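Contents: one structure, followed by commentary.
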Amino acid sequence: MKIKLGRESVYCLGLALFLVGQLLGHTLLPVPPYIRYSFIFLGLLISIFSFVILDFNELYYAVNRLTLIKIRILIFIILLTVISIVSFKRNHDYALLVNIIFILSAYHIHFEKILKTFFVVATSILIIMLVAYILGLIGDGQVLQGRKTFGYRMPTDLAQLIVYITLSKIYLNLIKGRDNSLLFLIILGIGTLTLMQSNARLGSFTLFLLVPYTVLLKRKVYKSNFEISKLAQAILKNFFFIGVLISYIVTELFIKNPNNWVLQSINRISSARLINNRMGIEFFGYSIWGQNIYTNISSFFKDWFYIDNSFYVFLLSYGLALLVLVGIGYRYVVNKCLKIHEYIIPFILLVIVLDSLIDQHFYSLEYNIFLLLPFSLVSINEKNEDNKTRLNDKHT
């Protein structure tokens, strides 16, 4: 047990260093790149060390006790690793390799501790940024129409970081049965601030929706007789692919009917996301193995262009092959949670998929810390477990 606890501490230290280096890269703090990269590289080394060295005996035991299910998981890991390497060689995004390292080295780490690490690091950097901005030490980033970024490079970088910090705190509160009243007030305040000052409409809208969504989720999950129908389970398991399908259908409809007022409204509300999807398809086309869509675009297109839909980031940049494997991994995580009656994570992942329709941070580990779920240890929330125990005792 001491070794396991020591390994968790070492892994979380590596994760914390990585998060510091990555999150600082989204800010305007004058931190030299070599310092950021040192944090990132050191975090990666510590993560690998915690996995290979400190947990070698357990890893060796797991490999030598292979079952059919474990063989399938091993094949999936090999495919995911190989395809990530192929995609990296084509689009040069180091996040693809970094994600694999941290996902695999999170093996048997309690996810609750991972989330606490993310929450502390991300919140601390956010507070430092806001204080530096208020003191006038840093200014605004890429400002359009007077939008404030509070020291971040883009308003969406700020808004989406707050969304993922909030989701992590909601999860930690729900599994402990804590009251969310203060959190809701903070959410409403921050959502209003980012809406009024940064004009981060979609990110702010996601924050506002989290209040009623969390209230409903808590009331449902803590019921002793709470059950999910087979249809609802199927939807939850495959919601990643549903998000892909929604994105594809809406984009294709926009390409074929660009003057449709409904699609025009969606494009306008989403800050030209549909136009950018269409441009990405026209410029580069869909990709199976991945491609670099940004390096050379300035040579033939001078205006603003960015893919802000996470699923089209896969379809155009990371590749269809990686998209399918990530979707399979998503399905595996939800299925694993449903089997142990952990209902909070599937519903949080549902929110992340919906948010990813208008955000491109799904596969960015410094934002979406829930990427570390596949091989980490998931706890059942305490209130729900008590209710289920009482229900089982009553039946026996």
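In the structure tokens, chains take letters A, B, ... by order of appearance, with residues numbered from 1 within each chain and ligands from 1 in the order shown.
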
To test your reading of the structure, identify every residue in range 6-167 of chain A that backbone DSSP assigns to helix (DSSP H, G or I), and report it as a PyMOL selection string.
chain A and resi 6-24+33-52+56-64+68-91+95-105+111-134+155-167

With a distance cut-off of 9 Å and only C-alpha atoms, select the neighbouring residues of range 327-343 of chain A, excluding the residue or stretch itself and same-chain residues fewer than 6 positions from it, and output the selection as an mmCIF file with all heavy atoms, in the first residue's frame.
data_model
loop_
_atom_site.group_PDB
_atom_site.id
_atom_site.type_symbol
_atom_site.label_atom_id
_atom_site.label_comp_id
_atom_site.auth_asym_id
_atom_site.auth_seq_id
_atom_site.Cartn_x
_atom_site.Cartn_y
_atom_site.Cartn_z
ATOM 1 N N PHE A 76 -5.961 -2.911 -28.147
ATOM 2 C CA PHE A 76 -6.427 -1.527 -28.294
ATOM 3 C C PHE A 76 -5.308 -0.537 -27.966
ATOM 4 O O PHE A 76 -5.109 0.444 -28.684
ATOM 5 C CB PHE A 76 -7.629 -1.285 -27.379
ATOM 6 C CG PHE A 76 -8.052 0.157 -27.304
ATOM 7 C CD1 PHE A 76 -8.807 0.716 -28.317
ATOM 8 C CD2 PHE A 76 -7.677 0.950 -26.226
ATOM 9 C CE1 PHE A 76 -9.189 2.046 -28.260
ATOM 10 C CE2 PHE A 76 -8.050 2.277 -26.152
ATOM 11 C CZ PHE A 76 -8.814 2.832 -27.181
ATOM 12 N N LEU A 217 -28.757 16.136 -11.817
ATOM 13 C CA LEU A 217 -27.919 14.950 -11.714
ATOM 14 C C LEU A 217 -27.815 14.475 -10.268
ATOM 15 O O LEU A 217 -27.917 13.271 -9.984
ATOM 16 C CB LEU A 217 -26.521 15.251 -12.269
ATOM 17 C CG LEU A 217 -25.507 14.098 -12.246
ATOM 18 C CD1 LEU A 217 -26.010 12.925 -13.060
ATOM 19 C CD2 LEU A 217 -24.161 14.576 -12.783
ATOM 20 N N VAL A 221 -29.052 10.775 -9.156
ATOM 21 C CA VAL A 221 -28.028 9.795 -8.802
ATOM 22 C C VAL A 221 -28.160 9.342 -7.359
ATOM 23 O O VAL A 221 -27.904 8.175 -7.033
ATOM 24 C CB VAL A 221 -26.625 10.377 -9.062
ATOM 25 C CG1 VAL A 221 -25.547 9.497 -8.440
ATOM 26 C CG2 VAL A 221 -26.392 10.488 -10.560
ATOM 27 N N GLU A 227 -32.098 3.920 -11.630
ATOM 28 C CA GLU A 227 -31.665 2.983 -12.645
ATOM 29 C C GLU A 227 -31.684 3.692 -14.000
ATOM 30 O O GLU A 227 -32.440 4.637 -14.220
ATOM 31 C CB GLU A 227 -32.579 1.757 -12.699
ATOM 32 C CG GLU A 227 -32.528 0.890 -11.441
ATOM 33 C CD GLU A 227 -31.214 0.164 -11.280
ATOM 34 O OE1 GLU A 227 -30.494 0.027 -12.285
ATOM 35 O OE2 GLU A 227 -30.911 -0.276 -10.143
ATOM 36 N N ILE A 228 -30.836 3.226 -14.897
ATOM 37 C CA ILE A 228 -30.770 3.782 -16.243
ATOM 38 C C ILE A 228 -31.258 2.732 -17.225
ATOM 39 O O ILE A 228 -30.806 1.579 -17.184
ATOM 40 C CB ILE A 228 -29.331 4.216 -16.598
ATOM 41 C CG1 ILE A 228 -28.863 5.310 -15.639
ATOM 42 C CG2 ILE A 228 -29.255 4.727 -18.024
ATOM 43 C CD1 ILE A 228 -27.459 5.799 -15.915
ATOM 44 N N GLN A 233 -28.511 3.839 -21.534
ATOM 45 C CA GLN A 233 -27.144 3.335 -21.444
ATOM 46 C C GLN A 233 -26.476 3.285 -22.816
ATOM 47 O O GLN A 233 -25.303 3.652 -22.957
ATOM 48 C CB GLN A 233 -27.140 1.935 -20.821
ATOM 49 C CG GLN A 233 -27.481 1.920 -19.345
ATOM 50 C CD GLN A 233 -27.283 0.549 -18.726
ATOM 51 O OE1 GLN A 233 -26.359 -0.167 -19.088
ATOM 52 N NE2 GLN A 233 -28.143 0.182 -17.792
ATOM 53 N N LEU A 236 -25.544 6.836 -23.774
ATOM 54 C CA LEU A 236 -24.382 7.307 -23.018
ATOM 55 C C LEU A 236 -23.090 6.678 -23.534
ATOM 56 O O LEU A 236 -22.072 7.354 -23.681
ATOM 57 C CB LEU A 236 -24.562 6.991 -21.534
ATOM 58 C CG LEU A 236 -25.584 7.842 -20.768
ATOM 59 C CD1 LEU A 236 -25.781 7.294 -19.369
ATOM 60 C CD2 LEU A 236 -25.147 9.296 -20.695
ATOM 61 N N LYS A 237 -23.136 5.371 -23.815
ATOM 62 C CA LYS A 237 -21.939 4.673 -24.289
ATOM 63 C C LYS A 237 -21.469 5.192 -25.639
ATOM 64 O O LYS A 237 -20.257 5.243 -25.919
ATOM 65 C CB LYS A 237 -22.209 3.173 -24.381
ATOM 66 C CG LYS A 237 -22.397 2.476 -23.053
ATOM 67 C CD LYS A 237 -22.736 1.004 -23.281
ATOM 68 C CE LYS A 237 -23.064 0.298 -21.977
ATOM 69 N NZ LYS A 237 -23.460 -1.125 -22.201
ATOM 70 N N ASN A 238 -22.404 5.548 -26.488
ATOM 71 C CA ASN A 238 -22.058 5.921 -27.870
ATOM 72 C C ASN A 238 -22.184 7.417 -28.132
ATOM 73 O O ASN A 238 -22.224 7.839 -29.283
ATOM 74 C CB ASN A 238 -22.963 5.154 -28.843
ATOM 75 C CG ASN A 238 -22.753 3.655 -28.773
ATOM 76 O OD1 ASN A 238 -21.741 3.130 -29.222
ATOM 77 N ND2 ASN A 238 -23.706 2.954 -28.166
ATOM 78 N N PHE A 239 -22.214 8.210 -27.061
ATOM 79 C CA PHE A 239 -22.485 9.640 -27.257
ATOM 80 C C PHE A 239 -21.342 10.350 -27.969
ATOM 81 O O PHE A 239 -21.555 11.364 -28.633
ATOM 82 C CB PHE A 239 -22.781 10.322 -25.918
ATOM 83 C CG PHE A 239 -23.606 11.563 -26.079
ATOM 84 C CD1 PHE A 239 -24.936 11.484 -26.441
ATOM 85 C CD2 PHE A 239 -23.048 12.814 -25.891
ATOM 86 C CE1 PHE A 239 -25.702 12.621 -26.608
ATOM 87 C CE2 PHE A 239 -23.796 13.961 -26.053
ATOM 88 C CZ PHE A 239 -25.148 13.870 -26.423
ATOM 89 N N PHE A 240 -20.137 9.851 -27.834
ATOM 90 C CA PHE A 240 -19.017 10.440 -28.586
ATOM 91 C C PHE A 240 -19.293 10.337 -30.087
ATOM 92 O O PHE A 240 -19.148 11.323 -30.831
ATOM 93 C CB PHE A 240 -17.715 9.732 -28.232
ATOM 94 C CG PHE A 240 -16.510 10.261 -28.962
ATOM 95 C CD1 PHE A 240 -15.775 11.313 -28.447
ATOM 96 C CD2 PHE A 240 -16.096 9.698 -30.167
ATOM 97 C CE1 PHE A 240 -14.655 11.806 -29.120
ATOM 98 C CE2 PHE A 240 -14.985 10.169 -30.836
ATOM 99 C CZ PHE A 240 -14.263 11.228 -30.315
ATOM 100 N N PHE A 241 -19.701 9.161 -30.540
ATOM 101 C CA PHE A 241 -19.996 8.972 -31.962
ATOM 102 C C PHE A 241 -21.243 9.745 -32.378
ATOM 103 O O PHE A 241 -21.352 10.187 -33.519
ATOM 104 C CB PHE A 241 -20.152 7.482 -32.275
ATOM 105 C CG PHE A 241 -18.878 6.702 -32.143
ATOM 106 C CD1 PHE A 241 -18.751 5.698 -31.192
ATOM 107 C CD2 PHE A 241 -17.785 6.982 -32.954
ATOM 108 C CE1 PHE A 241 -17.573 4.983 -31.073
ATOM 109 C CE2 PHE A 241 -16.593 6.272 -32.836
ATOM 110 C CZ PHE A 241 -16.489 5.272 -31.892
ATOM 111 N N LEU A 349 -19.206 13.278 -18.995
ATOM 112 C CA LEU A 349 -18.670 13.077 -20.338
ATOM 113 C C LEU A 349 -19.677 13.506 -21.400
ATOM 114 O O LEU A 349 -19.296 14.009 -22.463
ATOM 115 C CB LEU A 349 -18.284 11.610 -20.536
ATOM 116 C CG LEU A 349 -17.112 11.106 -19.693
ATOM 117 C CD1 LEU A 349 -16.841 9.635 -19.984
ATOM 118 C CD2 LEU A 349 -15.861 11.936 -19.937
ATOM 119 N N LEU A 371 -9.599 12.715 -19.919
ATOM 120 C CA LEU A 371 -8.939 11.789 -20.836
ATOM 121 C C LEU A 371 -8.165 10.703 -20.091
ATOM 122 O O LEU A 371 -7.849 9.650 -20.657
ATOM 123 C CB LEU A 371 -7.965 12.553 -21.747
ATOM 124 C CG LEU A 371 -8.575 13.459 -22.824
ATOM 125 C CD1 LEU A 371 -7.476 14.266 -23.509
ATOM 126 C CD2 LEU A 371 -9.363 12.653 -23.844
ATOM 127 N N LEU A 373 -9.186 8.811 -17.753
ATOM 128 C CA LEU A 373 -10.090 7.851 -17.132
ATOM 129 C C LEU A 373 -9.878 6.378 -17.506
ATOM 130 O O LEU A 373 -10.118 5.493 -16.677
ATOM 131 C CB LEU A 373 -11.541 8.223 -17.466
ATOM 132 C CG LEU A 373 -12.203 9.253 -16.550
ATOM 133 C CD1 LEU A 373 -13.472 9.794 -17.180
ATOM 134 C CD2 LEU A 373 -12.499 8.622 -15.197
ATOM 135 N N PRO A 374 -9.462 6.036 -18.737
ATOM 136 C CA PRO A 374 -9.509 4.631 -19.167
ATOM 137 C C PRO A 374 -8.876 3.622 -18.217
ATOM 138 O O PRO A 374 -9.452 2.564 -17.962
ATOM 139 C CB PRO A 374 -8.781 4.663 -20.519
ATOM 140 C CG PRO A 374 -9.050 6.018 -21.048
ATOM 141 C CD PRO A 374 -9.039 6.913 -19.841
ATOM 142 N N PHE A 375 -7.686 3.898 -17.678
ATOM 143 C CA PHE A 375 -6.985 2.907 -16.868
ATOM 144 C C PHE A 375 -6.793 3.339 -15.423
ATOM 145 O O PHE A 375 -6.121 2.655 -14.655
ATOM 146 C CB PHE A 375 -5.637 2.575 -17.504
ATOM 147 C CG PHE A 375 -5.761 2.159 -18.939
ATOM 148 C CD1 PHE A 375 -5.254 2.961 -19.959
ATOM 149 C CD2 PHE A 375 -6.421 0.990 -19.274
ATOM 150 C CE1 PHE A 375 -5.390 2.577 -21.287
ATOM 151 C CE2 PHE A 375 -6.570 0.605 -20.593
ATOM 152 C CZ PHE A 375 -6.054 1.398 -21.607
ATOM 153 N N VAL A 378 -11.693 4.337 -10.589
ATOM 154 C CA VAL A 378 -12.851 5.209 -10.393
ATOM 155 C C VAL A 378 -13.555 4.833 -9.104
ATOM 156 O O VAL A 378 -13.839 3.653 -8.862
ATOM 157 C CB VAL A 378 -13.830 5.110 -11.582
ATOM 158 C CG1 VAL A 378 -15.061 5.964 -11.335
ATOM 159 C CG2 VAL A 378 -13.135 5.515 -12.870
ATOM 160 N N SER A 379 -13.859 5.823 -8.280
ATOM 161 C CA SER A 379 -14.575 5.589 -7.025
ATOM 162 C C SER A 379 -16.070 5.778 -7.239
ATOM 163 O O SER A 379 -16.500 6.556 -8.090
ATOM 164 C CB SER A 379 -14.093 6.560 -5.938
ATOM 165 O OG SER A 379 -12.701 6.442 -5.744
ATOM 166 N N ILE A 380 -16.860 5.060 -6.438
ATOM 167 C CA ILE A 380 -18.305 5.263 -6.449
ATOM 168 C C ILE A 380 -18.619 6.345 -5.433
ATOM 169 O O ILE A 380 -18.091 6.342 -4.329
ATOM 170 C CB ILE A 380 -19.055 3.967 -6.098
ATOM 171 C CG1 ILE A 380 -18.663 2.862 -7.080
ATOM 172 C CG2 ILE A 380 -20.550 4.168 -6.112
ATOM 173 C CD1 ILE A 380 -19.279 1.531 -6.778
ATOM 174 N N ASN A 381 -19.513 7.277 -5.814
ATOM 175 C CA ASN A 381 -19.799 8.367 -4.892
ATOM 176 C C ASN A 381 -20.400 7.821 -3.599
ATOM 177 O O ASN A 381 -21.164 6.868 -3.585
ATOM 178 C CB ASN A 381 -20.722 9.408 -5.542
ATOM 179 C CG ASN A 381 -22.141 8.904 -5.730
ATOM 180 O OD1 ASN A 381 -22.942 8.948 -4.812
ATOM 181 N ND2 ASN A 381 -22.446 8.422 -6.929
ATOM 182 N N ASN A 384 -24.351 7.687 -3.025
ATOM 183 C CA ASN A 384 -24.982 6.684 -3.868
ATOM 184 C C ASN A 384 -24.670 5.274 -3.378
ATOM 185 O O ASN A 384 -25.520 4.388 -3.387
ATOM 186 C CB ASN A 384 -24.507 6.842 -5.312
ATOM 187 C CG ASN A 384 -25.336 6.026 -6.289
ATOM 188 O OD1 ASN A 384 -26.545 5.938 -6.142
ATOM 189 N ND2 ASN A 384 -24.690 5.445 -7.269
ATOM 190 N N GLU A 385 -23.443 5.050 -2.927
ATOM 191 C CA GLU A 385 -23.052 3.734 -2.418
ATOM 192 C C GLU A 385 -23.829 3.389 -1.153
ATOM 193 O O GLU A 385 -24.277 2.258 -0.960
ATOM 194 C CB GLU A 385 -21.550 3.722 -2.135
ATOM 195 C CG GLU A 385 -21.027 2.386 -1.629
ATOM 196 C CD GLU A 385 -21.147 1.281 -2.664
ATOM 197 O OE1 GLU A 385 -21.448 1.582 -3.835
ATOM 198 O OE2 GLU A 385 -20.973 0.114 -2.292
#

Please report the interatomic distance between CA of Ser364 in chain A and CA of Ala132 in chain A in Å with one decimal.
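Interatomic distance here is 24.9 Å.
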
Hey, what's within 10 Å of Tyr37 in chain A if we count only C-alpha atoms and toss same-chain stuff fewer than 5 positions away? As a list of chain:residue names, please?
A:Phe18, A:Val20, A:Gly21, A:Gln22, A:Gly25, A:Pro32, A:Leu42, A:Gly43

Spatial neighbours of His361 in chain A, 9 Å, only C-alpha atoms, chain gap at least 2 places, as a ChimeraX atom specification:
/A:157,160,308-310,356,359,363-368

Selection: 9 Å around Leu80 in chain A, only C-alpha atoms, excl. self and same-chain fewer than 3 positions, as a list of chain:residue names
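Contacts, in chain order: A:Ile75, A:Phe76, A:Ile77, A:Ile83, A:Ser84, A:Ile85, A:Ile100, A:Leu322, A:Leu325, A:Val326.
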
For range 165-175 of chain A, please output as a PyMOL selection string all residues within 9 Å (counting only C-alpha atoms; exclusion window: fewer than 5 positions along the same chain).
chain A and resi 112+115-116+118-119+122-123+160+180+183+187+207+210+214+218+344-345+348+351-352+367+369-370+379-384

Include N, CA and C atoms and write out the residues we just selected as a CSV table (one decimal), in the first residue's frame.
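The resulting result_22.csv:
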chain,number,residue,atom,x,y,z
A,112,GLU,N,-9.8,10.3,-8.6
A,112,GLU,CA,-10.1,11.4,-7.7
A,112,GLU,C,-8.8,12.2,-7.4
A,115,LEU,N,-7.9,14.3,-10.4
A,115,LEU,CA,-8.8,15.5,-10.6
A,115,LEU,C,-8.4,16.5,-9.5
A,116,LYS,N,-8.0,16.1,-8.3
A,116,LYS,CA,-7.6,17.1,-7.3
A,116,LYS,C,-6.3,17.8,-7.8
A,118,PHE,N,-5.4,18.3,-10.9
A,118,PHE,CA,-5.7,19.2,-12.0
A,118,PHE,C,-6.4,20.5,-11.4
A,119,PHE,N,-7.4,20.3,-10.5
A,119,PHE,CA,-8.1,21.4,-9.9
A,119,PHE,C,-7.2,22.4,-9.2
A,122,ALA,N,-4.7,24.0,-12.0
A,122,ALA,CA,-5.4,24.9,-13.0
A,122,ALA,C,-6.0,26.1,-12.3
A,123,THR,N,-6.6,25.9,-11.1
A,123,THR,CA,-7.2,27.0,-10.3
A,123,THR,C,-6.1,28.0,-9.8
A,160,GLN,N,-13.0,28.0,-21.7
A,160,GLN,CA,-13.0,26.6,-21.6
A,160,GLN,C,-12.2,26.0,-20.5
A,180,ASN,N,-23.4,22.2,-3.2
A,180,ASN,CA,-22.9,23.0,-4.3
A,180,ASN,C,-23.4,24.4,-4.4
A,183,LEU,N,-20.6,26.9,-5.0
A,183,LEU,CA,-20.1,26.6,-6.4
A,183,LEU,C,-21.0,27.2,-7.4
A,187,ILE,N,-20.1,29.9,-10.3
A,187,ILE,CA,-20.3,29.6,-11.7
A,187,ILE,C,-21.1,30.8,-12.3
A,207,LEU,N,-21.3,27.1,-18.9
A,207,LEU,CA,-21.3,27.3,-17.5
A,207,LEU,C,-22.6,27.5,-16.9
A,210,LEU,N,-24.6,24.3,-16.5
A,210,LEU,CA,-24.1,23.3,-15.5
A,210,LEU,C,-24.8,23.4,-14.2
A,214,THR,N,-26.4,20.0,-12.9
A,214,THR,CA,-25.8,19.4,-11.7
A,214,THR,C,-26.9,19.2,-10.6
A,218,LYS,N,-27.6,15.4,-9.3
A,218,LYS,CA,-27.5,15.0,-7.9
A,218,LYS,C,-28.8,14.4,-7.4
A,344,ILE,N,-22.1,9.4,-12.4
A,344,ILE,CA,-21.7,10.8,-12.5
A,344,ILE,C,-20.8,11.0,-13.7
A,345,ILE,N,-19.8,10.2,-13.9
A,345,ILE,CA,-18.8,10.3,-15.0
A,345,ILE,C,-19.5,10.3,-16.3
A,348,ILE,N,-21.1,13.5,-17.0
A,348,ILE,CA,-20.1,14.6,-17.2
A,348,ILE,C,-19.5,14.5,-18.6
A,351,VAL,N,-21.7,16.0,-21.1
A,351,VAL,CA,-21.5,17.5,-21.2
A,351,VAL,C,-20.3,17.9,-22.0
A,352,ILE,N,-19.2,17.1,-21.8
A,352,ILE,CA,-18.0,17.4,-22.5
A,352,ILE,C,-18.2,17.2,-24.0
A,367,TYR,N,-6.7,20.6,-20.6
A,367,TYR,CA,-8.0,21.1,-20.4
A,367,TYR,C,-8.9,19.9,-20.0
A,369,ILE,N,-9.1,16.9,-18.5
A,369,ILE,CA,-8.4,15.9,-17.7
A,369,ILE,C,-9.1,14.6,-17.6
A,370,PHE,N,-10.3,14.5,-18.1
A,370,PHE,CA,-11.1,13.3,-18.1
A,370,PHE,C,-10.6,12.3,-19.1
A,379,SER,N,-13.9,5.8,-8.3
A,379,SER,CA,-14.6,5.6,-7.0
A,379,SER,C,-16.1,5.8,-7.2
A,380,ILE,N,-16.9,5.1,-6.4
A,380,ILE,CA,-18.3,5.3,-6.4
A,380,ILE,C,-18.6,6.3,-5.4
A,381,ASN,N,-19.5,7.3,-5.8
A,381,ASN,CA,-19.8,8.4,-4.9
A,381,ASN,C,-20.4,7.8,-3.6
A,382,GLU,N,-20.0,8.4,-2.5
A,382,GLU,CA,-20.3,7.9,-1.2
A,382,GLU,C,-21.8,7.8,-0.9
A,383,LYS,N,-22.6,8.9,-1.2
A,383,LYS,CA,-24.0,8.9,-1.0
A,383,LYS,C,-24.7,7.8,-1.8
A,384,ASN,N,-24.4,7.7,-3.0
A,384,ASN,CA,-25.0,6.7,-3.9
A,384,ASN,C,-24.7,5.3,-3.4
